[in-house]
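Written out below as structure tokens is the structure these notes cover.
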Amino acid sequence: MMKNTKFRTIGVSLFCIILLGMLSTSIVANGNYNVALTKGTEVLIVSQYDEAAWKTTVNASTTPSNWFEGDSNQTGAKSKYTMKGWNFVTWNTYDVFVSLFLPLLFESEELITLLGLMNSQGYNETTINTNYTNTYNLWVGLRAAWNFTIGIFEEDPTNTNDALLIFKNPTDFDDILNNYNNLSVELNSLPAFQFSGYSFPILNAEEFLWLFIFNGFTLGFPFAYYLAELITTLDCENATVSDNVLIINRTGETNYTVEISYGSEGIMSSFTVKDEDNNIIYQIVSSNSDWVFYTIIVIIAICIGGLSAYLIFRKLRINKIRNRNK
Amino acid sequence: MENRKNSFNGIKPIFYTIVFEIKKQRRKFYFFSFIAIIVAILLGYVLQLIPGYLLSDTQAEFFNNGLQFISFITLFSACLFFSGIICSEFDKKTGFIVFPKINKYKLILGKYFGNLILVVSIITLYYFILGILGFFYYGGPINIRLFYSYGIAILYVIALSSFVTFFSSFMRSVNLTIISTLILLLIGFNIADQIVTLVFKESFEPLYSLAYLGNLITGILEYPFPDPRYSEFSFSGMGPGGMGGDFSFGQWVTPSIEMGIALLIVFIVFYFLLAAYLFKRRQL
């Protein structure tokens with residue numbers, strides 16, 4: 001009796017620990033939108049690339065490598081992302097400026113110079129946050145990223161800390177963009193910036209969204225509502241939403257459409273460029289090996305079940321023979 | 001045909017002993033299997049349920065983190081499974097029987113292989129769970145270095161078993177063998193390694209130590225393989241006014257692959273020969 005109680009207590013405790021771990025995400029994420037990230041690896045594959053159509057439709061002087069790094073301009077090239085973890089944080093305007101906009105607009109080598117220049121002009125963290133008092137709640141995900149390659153993946157990732165940003169409230173993007181543009185106007189008017197040759201571009205909603213898509217833009221759950229709210233907030237004329245798919249109309253050599261669908265985690269799962277006649281010019285699709293894993297688990301479960309059934313059956317038969325001999 | 005039948009008859013007692021030993025030790029096996037499963041799942045899955053606990057960048061790093069307790073599992077299982085192989089025969093006086101029904105060497109061999117099968121199964125279970133979880137998080141293919149690590153882990157278990165069997169050949173009781181081998185393997189070798197490293201620094205590698213050789217199980221998973229294998233951390237200028245002087249802390253990370261494998265084989269042969277010799281002498 002005592003032994004049973006002990007086992008029951010241990011069992012319940014273990015179950016509680018596991019349940020707590022599983023629920024910790026939703027405890028943190030209690031609000032309008034939730035994070036849907038899961039740890040694991042996703043592979044992106046360039047399934048289609050029509051170079052001639054790209055040159056005549058999108059841009060005669062660029063290739064998909066200008067959007068995605070590595071060998072993304074070759075059919076069959078693969079890229080890999082391993083989701084490592086995420087945290088719920090609160091950012092102020094300075095954090096958004098430094099961690100979101102600067103990496104979108106400048107090379108990493110330029111960031112130290114820019115920050116030094118801003119600091120010398122009195123635009124440090126305290127000043128910016130005093131003038132722009134907004135705060136934003138978001139999840140910051142970290143993943144290891146391997147650039148597109150036509151060969152096999154290197155052992156070590158190209159980027160060990162590729163950040164994904166999920167703003168809890170998509171309506172925040174309006175303030176974020178306005179604050180950035182206002183701050184940019186202030187900074188651009190400073191003589192120090194005019195002499196240095198650096199200037200912060202003034203972004204409209206569509207330009208911002210386009211840049212953000214390639215640099216960590218991730219959706220909160222439910223995705224369709226999140227996307228719709230985002231597009232409404234930013235008032236993007238050339239963007240529409242259909243379920244989990246963001247459709248952007250763009251103009252290059254001629255008009256073309258970019259369709260980005262977001263998968264079960266809110267991360268880009270496919271990227272398609274189409275011309276005006278709906279012909280696919282370029283396409284990236286994602287894949288993972290979850291089904292192989294679950295197949296293995298099912299096979300193991302069947303084997304264990306079969307073995308257990310055999311042992312139980314054998315035991316019963318032995319007992320039966322023993323009883324008969326008595 | 002007749003020769004083959006005779007040799008099969010010769011092997012039969014070993015086979016029966018193996019089966020008997022496996023049945024006899026099954027409770028210990030269930031316990032260690034349970035521990036191995038729990039540790040592997042805790043490290044490889046439950047910890048990963050916490051979003052803020054970052055998953056390793058690569059599959060090999062994930063395996064490396066998951067194998068941090070493998071030395072404890074191998075060590076405890078080796079000590080508990082192999083400690084009674086020889087000394088229990090003398091503890092229960094069966095070793096002194098003048099005309100035994102089964103050849104004593106065949107009996108010892110059967111007992112050893114029976115226990116080895118169980119310990120290797122525990123290690124395999126641990127690696128299998130880790131491999132499955134590695135596949136779950138990183139997809140295929142499984143990094144080849146996990147198989148190298150598994151091979152070295154088995155070699156390490158055999159080396160540990162030979163060490164424990166050697167102790168079992170001259171110790172009086174099973175408990176004494178377990179305690180003495182655990183103390184030596186858990187504490188003794190590590191203290192000796194630290195003293196040697198402190199005195200000789202990078203000029204002397206503690207290759208005599210089984211605990212140090214065990215580092216190769218996880219060391220082989222590192223990419224690139226650690227080079228240099230000796231690392232030193234220096235602290236200076238601590239204390240008031242930076243007058244604390246210079247301190248350094250050195251550590252041998254892992255043996256080289258070739259040297260590690262060669263020495264494990266040498267230890268296995270050495271301890272088994274010694275154990276066989278002592279066992280023979282003890283019977284006289």
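Residues in the structure tokens are numbered from 1 in each chain, the chains being A, B, ... in the order shown, and ligands are numbered from 1 in the order shown.
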
Thr38 in chain A surroundings by only C-alpha atoms, 10 Å radius, close-in-sequence under 3 positions cut, as a ChimeraX atom specification: /A:35,41,82-86,141,264-265 /B:48-49,51,137

Determine, counting only C-alpha atoms, which protein, DNA and RNA residues have an atom within 8 Å of an atom of Thr171 in chain A; residues of the same chain fewer than 6 positions away are not included. Present the result as a PDB file with C-alpha atoms, in the first residue's frame.
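The resulting out01.pdb:
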```pdb
ATOM      1  CA  GLU A 229      -4.152  43.133 -38.718  1.00  0.00           C
ATOM      2  CA  LEU A 230      -0.596  43.935 -39.727  1.00  0.00           C
ATOM      3  CA  THR A 233      -2.262  48.739 -39.492  1.00  0.00           C
TER       4      THR A 233
END
```

Å distance separating CA of Ala145 in chain A from CA of Phe214 in chain A, one decimal place: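 About the pair CA of Ala145 in chain A and CA of Phe214 in chain A: they are 13.0 Å apart.
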
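The set of residues in range 207-278 of chain B assigned to strand (DSSP E) by DSSP, using only backbone atoms of this structure, is Tyr230, Ser231, Glu232, Phe233, Ser234, Phe235, Ser236, Asp246, Phe247, Ser248, Phe249, Gly250, Gln251 and Trp252 of chain B.
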
Expected file contents, prior selection, C-alpha atoms, as a short mmCIF file (atom, residue, chain, number, x, y, z; two decimals), in the first residue's frame:
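Result saved to out.cif:
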```cif
data_model
loop_
_atom_site.label_atom_id
_atom_site.label_comp_id
_atom_site.auth_asym_id
_atom_site.auth_seq_id
_atom_site.Cartn_x
_atom_site.Cartn_y
_atom_site.Cartn_z
CA TYR B 230 45.54 21.08 -23.27
CA SER B 231 43.92 24.36 -22.31
CA GLU B 232 45.02 26.81 -19.66
CA PHE B 233 43.10 29.68 -18.09
CA SER B 234 45.08 32.46 -16.44
CA PHE B 235 43.94 34.92 -13.83
CA SER B 236 46.19 37.79 -12.85
CA ASP B 246 49.28 35.27 -11.45
CA PHE B 247 47.20 32.12 -11.26
CA SER B 248 46.60 29.56 -13.90
CA PHE B 249 44.30 26.58 -14.21
CA GLY B 250 45.16 23.91 -16.76
CA GLN B 251 43.12 21.03 -18.06
CA TRP B 252 43.63 18.16 -20.48
#
```

When the cut-off is 10 Å and we count only C-alpha atoms, which residues of chain A are near chain B, given as a PDB file with N, CA and C atoms, in the first residue's frame?
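And here's part21.pdb as it stands now:
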```
ATOM      1  N   ILE A  17       5.922  18.005 -13.733  1.00  0.00           N
ATOM      2  CA  ILE A  17       7.124  18.662 -14.254  1.00  0.00           C
ATOM      3  C   ILE A  17       7.017  18.775 -15.772  1.00  0.00           C
ATOM      4  N   ILE A  18       6.646  17.662 -16.417  1.00  0.00           N
ATOM      5  CA  ILE A  18       6.539  17.659 -17.885  1.00  0.00           C
ATOM      6  C   ILE A  18       5.457  18.630 -18.348  1.00  0.00           C
ATOM      7  N   LEU A  19       4.315  18.606 -17.639  1.00  0.00           N
ATOM      8  CA  LEU A  19       3.187  19.474 -18.000  1.00  0.00           C
ATOM      9  C   LEU A  19       3.578  20.943 -17.850  1.00  0.00           C
ATOM     10  N   LEU A  20       4.296  21.243 -16.774  1.00  0.00           N
ATOM     11  CA  LEU A  20       4.732  22.625 -16.514  1.00  0.00           C
ATOM     12  C   LEU A  20       5.622  23.116 -17.645  1.00  0.00           C
ATOM     13  N   GLY A  21       6.553  22.241 -18.084  1.00  0.00           N
ATOM     14  CA  GLY A  21       7.442  22.597 -19.194  1.00  0.00           C
ATOM     15  C   GLY A  21       6.662  22.876 -20.458  1.00  0.00           C
ATOM     16  N   MET A  22       5.654  22.014 -20.711  1.00  0.00           N
ATOM     17  CA  MET A  22       4.879  22.165 -21.945  1.00  0.00           C
ATOM     18  C   MET A  22       4.010  23.418 -21.906  1.00  0.00           C
ATOM     19  N   LEU A  23       3.526  23.737 -20.690  1.00  0.00           N
ATOM     20  CA  LEU A  23       2.622  24.871 -20.583  1.00  0.00           C
ATOM     21  C   LEU A  23       3.334  26.201 -20.417  1.00  0.00           C
ATOM     22  N   SER A  24       4.651  26.139 -20.119  1.00  0.00           N
ATOM     23  CA  SER A  24       5.378  27.381 -19.829  1.00  0.00           C
ATOM     24  C   SER A  24       5.280  28.362 -20.982  1.00  0.00           C
ATOM     25  N   THR A  25       5.179  27.847 -22.202  1.00  0.00           N
ATOM     26  CA  THR A  25       5.064  28.721 -23.368  1.00  0.00           C
ATOM     27  C   THR A  25       3.762  29.506 -23.292  1.00  0.00           C
ATOM     28  N   LEU A  37       6.206  29.002 -32.176  1.00  0.00           N
ATOM     29  CA  LEU A  37       7.502  28.413 -32.545  1.00  0.00           C
ATOM     30  C   LEU A  37       7.691  27.072 -31.855  1.00  0.00           C
ATOM     31  N   THR A  38       8.376  26.172 -32.509  1.00  0.00           N
ATOM     32  CA  THR A  38       8.779  24.918 -31.873  1.00  0.00           C
ATOM     33  C   THR A  38      10.239  24.665 -32.231  1.00  0.00           C
ATOM     34  N   LYS A  39      10.930  24.013 -31.326  1.00  0.00           N
ATOM     35  CA  LYS A  39      12.343  23.738 -31.597  1.00  0.00           C
ATOM     36  C   LYS A  39      12.447  22.631 -32.642  1.00  0.00           C
ATOM     37  N   GLY A  40      13.321  22.819 -33.594  1.00  0.00           N
ATOM     38  CA  GLY A  40      13.480  21.810 -34.639  1.00  0.00           C
ATOM     39  C   GLY A  40      14.131  22.417 -35.871  1.00  0.00           C
ATOM     40  N   THR A  41      14.255  21.605 -36.896  1.00  0.00           N
ATOM     41  CA  THR A  41      14.978  22.041 -38.100  1.00  0.00           C
ATOM     42  C   THR A  41      14.063  22.035 -39.319  1.00  0.00           C
ATOM     43  N   GLU A  42      14.187  23.084 -40.083  1.00  0.00           N
ATOM     44  CA  GLU A  42      13.394  23.233 -41.309  1.00  0.00           C
ATOM     45  C   GLU A  42      14.378  23.424 -42.459  1.00  0.00           C
ATOM     46  N   VAL A  43      14.105  22.768 -43.567  1.00  0.00           N
ATOM     47  CA  VAL A  43      14.970  22.920 -44.748  1.00  0.00           C
ATOM     48  C   VAL A  43      14.195  23.651 -45.832  1.00  0.00           C
ATOM     49  N   LYS A  80      19.102  25.759 -44.393  1.00  0.00           N
ATOM     50  CA  LYS A  80      18.610  25.034 -43.221  1.00  0.00           C
ATOM     51  C   LYS A  80      18.520  25.976 -42.025  1.00  0.00           C
ATOM     52  N   TYR A  81      17.472  25.815 -41.241  1.00  0.00           N
ATOM     53  CA  TYR A  81      17.295  26.626 -40.031  1.00  0.00           C
ATOM     54  C   TYR A  81      16.971  25.718 -38.861  1.00  0.00           C
ATOM     55  N   THR A  82      17.702  25.893 -37.776  1.00  0.00           N
ATOM     56  CA  THR A  82      17.393  25.142 -36.557  1.00  0.00           C
ATOM     57  C   THR A  82      16.924  26.113 -35.487  1.00  0.00           C
ATOM     58  N   MET A  83      15.666  25.985 -35.127  1.00  0.00           N
ATOM     59  CA  MET A  83      15.090  26.858 -34.101  1.00  0.00           C
ATOM     60  C   MET A  83      15.654  26.443 -32.740  1.00  0.00           C
ATOM     61  N   LYS A  84      16.325  27.375 -32.071  1.00  0.00           N
ATOM     62  CA  LYS A  84      17.024  27.022 -30.829  1.00  0.00           C
ATOM     63  C   LYS A  84      16.224  27.349 -29.560  1.00  0.00           C
ATOM     64  N   GLY A  85      15.463  28.445 -29.613  1.00  0.00           N
ATOM     65  CA  GLY A  85      14.704  28.849 -28.429  1.00  0.00           C
ATOM     66  C   GLY A  85      14.190  30.259 -28.594  1.00  0.00           C
ATOM     67  N   TRP A  86      13.395  30.707 -27.634  1.00  0.00           N
ATOM     68  CA  TRP A  86      12.852  32.054 -27.730  1.00  0.00           C
ATOM     69  C   TRP A  86      12.554  32.590 -26.339  1.00  0.00           C
ATOM     70  N   ASN A  87      12.436  33.907 -26.262  1.00  0.00           N
ATOM     71  CA  ASN A  87      12.185  34.580 -24.994  1.00  0.00           C
ATOM     72  C   ASN A  87      11.182  35.695 -25.194  1.00  0.00           C
ATOM     73  N   PHE A  88      10.431  35.984 -24.157  1.00  0.00           N
ATOM     74  CA  PHE A  88       9.492  37.096 -24.215  1.00  0.00           C
ATOM     75  C   PHE A  88      10.196  38.316 -23.635  1.00  0.00           C
ATOM     76  N   GLY A 141      13.075  35.045 -31.105  1.00  0.00           N
ATOM     77  CA  GLY A 141      13.514  33.662 -31.318  1.00  0.00           C
ATOM     78  C   GLY A 141      14.934  33.651 -31.869  1.00  0.00           C
ATOM     79  N   LEU A 142      15.668  32.632 -31.504  1.00  0.00           N
ATOM     80  CA  LEU A 142      17.030  32.499 -32.040  1.00  0.00           C
ATOM     81  C   LEU A 142      17.136  31.195 -32.802  1.00  0.00           C
ATOM     82  N   ARG A 143      17.733  31.264 -33.966  1.00  0.00           N
ATOM     83  CA  ARG A 143      17.918  30.024 -34.719  1.00  0.00           C
ATOM     84  C   ARG A 143      19.308  30.000 -35.353  1.00  0.00           C
ATOM     85  N   ALA A 144      19.784  28.802 -35.585  1.00  0.00           N
ATOM     86  CA  ALA A 144      21.047  28.637 -36.306  1.00  0.00           C
ATOM     87  C   ALA A 144      20.687  28.531 -37.784  1.00  0.00           C
ATOM     88  N   ALA A 145      21.371  29.310 -38.621  1.00  0.00           N
ATOM     89  CA  ALA A 145      20.977  29.351 -40.036  1.00  0.00           C
ATOM     90  C   ALA A 145      22.143  28.969 -40.937  1.00  0.00           C
ATOM     91  N   GLU A 155      29.365  21.840 -41.420  1.00  0.00           N
ATOM     92  CA  GLU A 155      29.050  21.377 -40.058  1.00  0.00           C
ATOM     93  C   GLU A 155      28.505  22.540 -39.216  1.00  0.00           C
ATOM     94  N   ASP A 156      29.203  23.670 -39.240  1.00  0.00           N
ATOM     95  CA  ASP A 156      28.780  24.808 -38.424  1.00  0.00           C
ATOM     96  C   ASP A 156      27.863  25.731 -39.222  1.00  0.00           C
ATOM     97  N   PRO A 157      26.868  26.314 -38.543  1.00  0.00           N
ATOM     98  CA  PRO A 157      25.949  27.208 -39.261  1.00  0.00           C
ATOM     99  C   PRO A 157      26.624  28.489 -39.733  1.00  0.00           C
ATOM    100  N   ASN A 159      25.162  31.404 -39.600  1.00  0.00           N
ATOM    101  CA  ASN A 159      24.819  32.382 -38.566  1.00  0.00           C
ATOM    102  C   ASN A 159      24.260  31.623 -37.370  1.00  0.00           C
ATOM    103  N   THR A 160      24.933  31.722 -36.238  1.00  0.00           N
ATOM    104  CA  THR A 160      24.489  30.936 -35.073  1.00  0.00           C
ATOM    105  C   THR A 160      23.337  31.611 -34.324  1.00  0.00           C
ATOM    106  N   ASN A 161      23.168  32.918 -34.529  1.00  0.00           N
ATOM    107  CA  ASN A 161      22.113  33.629 -33.814  1.00  0.00           C
ATOM    108  C   ASN A 161      21.262  34.464 -34.758  1.00  0.00           C
ATOM    109  N   ASN A 288      10.513  19.233 -43.851  1.00  0.00           N
ATOM    110  CA  ASN A 288      11.165  18.739 -42.631  1.00  0.00           C
ATOM    111  C   ASN A 288      10.991  17.233 -42.558  1.00  0.00           C
ATOM    112  N   SER A 289      11.708  16.617 -41.625  1.00  0.00           N
ATOM    113  CA  SER A 289      11.680  15.147 -41.572  1.00  0.00           C
ATOM    114  C   SER A 289      10.842  14.653 -40.402  1.00  0.00           C
ATOM    115  N   ASP A 290       9.840  15.463 -40.024  1.00  0.00           N
ATOM    116  CA  ASP A 290       8.983  15.062 -38.896  1.00  0.00           C
ATOM    117  C   ASP A 290       8.302  13.725 -39.138  1.00  0.00           C
ATOM    118  N   TRP A 291       7.835  13.507 -40.382  1.00  0.00           N
ATOM    119  CA  TRP A 291       7.096  12.273 -40.673  1.00  0.00           C
ATOM    120  C   TRP A 291       7.982  11.033 -40.496  1.00  0.00           C
ATOM    121  N   VAL A 292       9.284  11.191 -40.818  1.00  0.00           N
ATOM    122  CA  VAL A 292      10.204  10.046 -40.631  1.00  0.00           C
ATOM    123  C   VAL A 292      10.304   9.723 -39.148  1.00  0.00           C
ATOM    124  N   PHE A 293      10.410  10.790 -38.350  1.00  0.00           N
ATOM    125  CA  PHE A 293      10.515  10.615 -36.897  1.00  0.00           C
ATOM    126  C   PHE A 293       9.279   9.896 -36.355  1.00  0.00           C
ATOM    127  N   TYR A 294       8.104  10.384 -36.747  1.00  0.00           N
ATOM    128  CA  TYR A 294       6.876   9.774 -36.233  1.00  0.00           C
ATOM    129  C   TYR A 294       6.705   8.343 -36.746  1.00  0.00           C
ATOM    130  N   ILE A 296       9.201   6.284 -37.260  1.00  0.00           N
ATOM    131  CA  ILE A 296      10.094   5.488 -36.402  1.00  0.00           C
ATOM    132  C   ILE A 296       9.422   5.226 -35.053  1.00  0.00           C
ATOM    133  N   ILE A 297       8.817   6.286 -34.492  1.00  0.00           N
ATOM    134  CA  ILE A 297       8.160   6.153 -33.186  1.00  0.00           C
ATOM    135  C   ILE A 297       7.023   5.125 -33.264  1.00  0.00           C
TER     136      ILE A 297
END
```

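Around range 191-206 of chain A, within 9 Å and counting only C-alpha atoms, the residues found are A:Leu102, A:Leu105, A:Leu114, A:Leu117, A:Met118, A:Gln121, A:Asp174, A:Leu177, A:Tyr180, A:Asn181, A:Asn182, A:Leu183, A:Ser184, A:Val185, A:Leu187, A:Trp210, A:Leu211, A:Leu234, A:Asp235, A:Cys236, A:Glu237, A:Asn238, A:Ala239, A:Ile248, once anything fewer than 4 positions away on its own chain is removed.
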
10 Å contact set for Ala53 in chain A, only C-alpha atoms, chain neighbours under 4 positions out, as a ChimeraX atom specification: /A:49,57-60,274-275,279-282

Close residues, Phe271 in chain A itself excluded, 8 Å, only C-alpha atoms, min 3 positions apart in chain, as a list in words: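 Those residues are Val258, Glu259, Ile260, Ser261, Met268, Tyr282, Gln283, Ile284 and Val285 of chain A.
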
Polymer residues at most 9 Å from Phe76 in chain B, only C-alpha atoms, same-chain spacing of 5 or more positions, as a PyMOL selection string: chain B and resi 71+81+178+182

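Across the model, the gap from CA of Tyr132 in chain A to CA of Asn32 in chain A is 24.5 Å.
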
Straight-line distance linking CA of Leu118 in chain B with CA of Gln25 in chain B, stated in Å to one decimal: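 Straight-line distance from CA of Leu118 in chain B to CA of Gln25 in chain B works out to 8.3 Å.
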
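Distances here use only C-alpha atoms; by that measure, the residue among A:Phe148, A:Phe313, A:Phe153, A:Tyr262 closest to Gly76 in chain A is A:Phe148.
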
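Each of B:Thr177, B:Ser149, B:Asn6, B:Asn103 was checked against Leu80 in chain B using only C-alpha atoms; the smallest atom-to-atom distance is that of B:Thr177.
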
Fewer than 6 positions away in the same chain doesn't count, so skip those; otherwise give me all residues within 10 Å of Asn73 in chain A, counting only C-alpha atoms, as a PDB file with N, CA and C atoms, in the first residue's frame.
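Final output, saved to selection16.pdb:
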```
ATOM      1  N   VAL A  46      15.186  25.544 -53.106  1.00  0.00           N
ATOM      2  CA  VAL A  46      14.807  26.302 -54.306  1.00  0.00           C
ATOM      3  C   VAL A  46      14.266  25.280 -55.304  1.00  0.00           C
ATOM      4  N   GLN A  48      12.267  25.956 -57.994  1.00  0.00           N
ATOM      5  CA  GLN A  48      12.102  26.433 -59.369  1.00  0.00           C
ATOM      6  C   GLN A  48      12.774  27.793 -59.538  1.00  0.00           C
ATOM      7  N   TYR A  49      13.505  27.951 -60.635  1.00  0.00           N
ATOM      8  CA  TYR A  49      14.083  29.265 -60.940  1.00  0.00           C
ATOM      9  C   TYR A  49      14.225  29.398 -62.448  1.00  0.00           C
ATOM     10  N   ASP A  50      13.483  30.343 -62.986  1.00  0.00           N
ATOM     11  CA  ASP A  50      13.546  30.624 -64.421  1.00  0.00           C
ATOM     12  C   ASP A  50      14.335  31.923 -64.576  1.00  0.00           C
ATOM     13  N   GLU A  51      15.613  31.782 -64.890  1.00  0.00           N
ATOM     14  CA  GLU A  51      16.519  32.937 -64.894  1.00  0.00           C
ATOM     15  C   GLU A  51      16.103  33.969 -65.958  1.00  0.00           C
ATOM     16  N   THR A  62      19.790  41.789 -61.274  1.00  0.00           N
ATOM     17  CA  THR A  62      19.896  41.061 -59.993  1.00  0.00           C
ATOM     18  C   THR A  62      19.535  39.590 -60.163  1.00  0.00           C
ATOM     19  N   THR A  63      19.766  38.832 -59.115  1.00  0.00           N
ATOM     20  CA  THR A  63      19.357  37.417 -59.061  1.00  0.00           C
ATOM     21  C   THR A  63      18.695  37.207 -57.694  1.00  0.00           C
ATOM     22  N   PRO A  64      18.103  36.047 -57.449  1.00  0.00           N
ATOM     23  CA  PRO A  64      17.509  35.813 -56.116  1.00  0.00           C
ATOM     24  C   PRO A  64      18.531  35.928 -54.968  1.00  0.00           C
ATOM     25  N   SER A  65      19.828  35.831 -55.293  1.00  0.00           N
ATOM     26  CA  SER A  65      20.864  35.955 -54.259  1.00  0.00           C
ATOM     27  C   SER A  65      20.825  37.323 -53.598  1.00  0.00           C
ATOM     28  N   ASN A  66      20.231  38.303 -54.284  1.00  0.00           N
ATOM     29  CA  ASN A  66      20.125  39.621 -53.671  1.00  0.00           C
ATOM     30  C   ASN A  66      19.068  39.635 -52.553  1.00  0.00           C
ATOM     31  N   TRP A  67      18.169  38.663 -52.596  1.00  0.00           N
ATOM     32  CA  TRP A  67      17.137  38.562 -51.554  1.00  0.00           C
ATOM     33  C   TRP A  67      17.530  37.532 -50.494  1.00  0.00           C
ATOM     34  N   PHE A 148      21.865  29.286 -48.291  1.00  0.00           N
ATOM     35  CA  PHE A 148      21.574  28.383 -49.410  1.00  0.00           C
ATOM     36  C   PHE A 148      22.869  27.854 -50.010  1.00  0.00           C
ATOM     37  N   THR A 149      22.891  26.561 -50.216  1.00  0.00           N
ATOM     38  CA  THR A 149      24.060  25.942 -50.844  1.00  0.00           C
ATOM     39  C   THR A 149      23.601  24.819 -51.766  1.00  0.00           C
ATOM     40  N   ILE A 150      24.359  24.641 -52.818  1.00  0.00           N
ATOM     41  CA  ILE A 150      24.027  23.591 -53.779  1.00  0.00           C
ATOM     42  C   ILE A 150      24.655  22.264 -53.339  1.00  0.00           C
ATOM     43  N   TYR A 282      10.120  31.973 -59.720  1.00  0.00           N
ATOM     44  CA  TYR A 282      11.047  31.528 -58.680  1.00  0.00           C
ATOM     45  C   TYR A 282      10.233  30.977 -57.518  1.00  0.00           C
TER      46      TYR A 282
END
```

Per-residue DSSP, range 50-276 of chain B, filtered to alpha helix (DSSP H), as a PyMOL selection string: chain B and resi 59-66+70-82+87-91+104-138+144-168+174-183+189-200+210-213+216-219+257-276
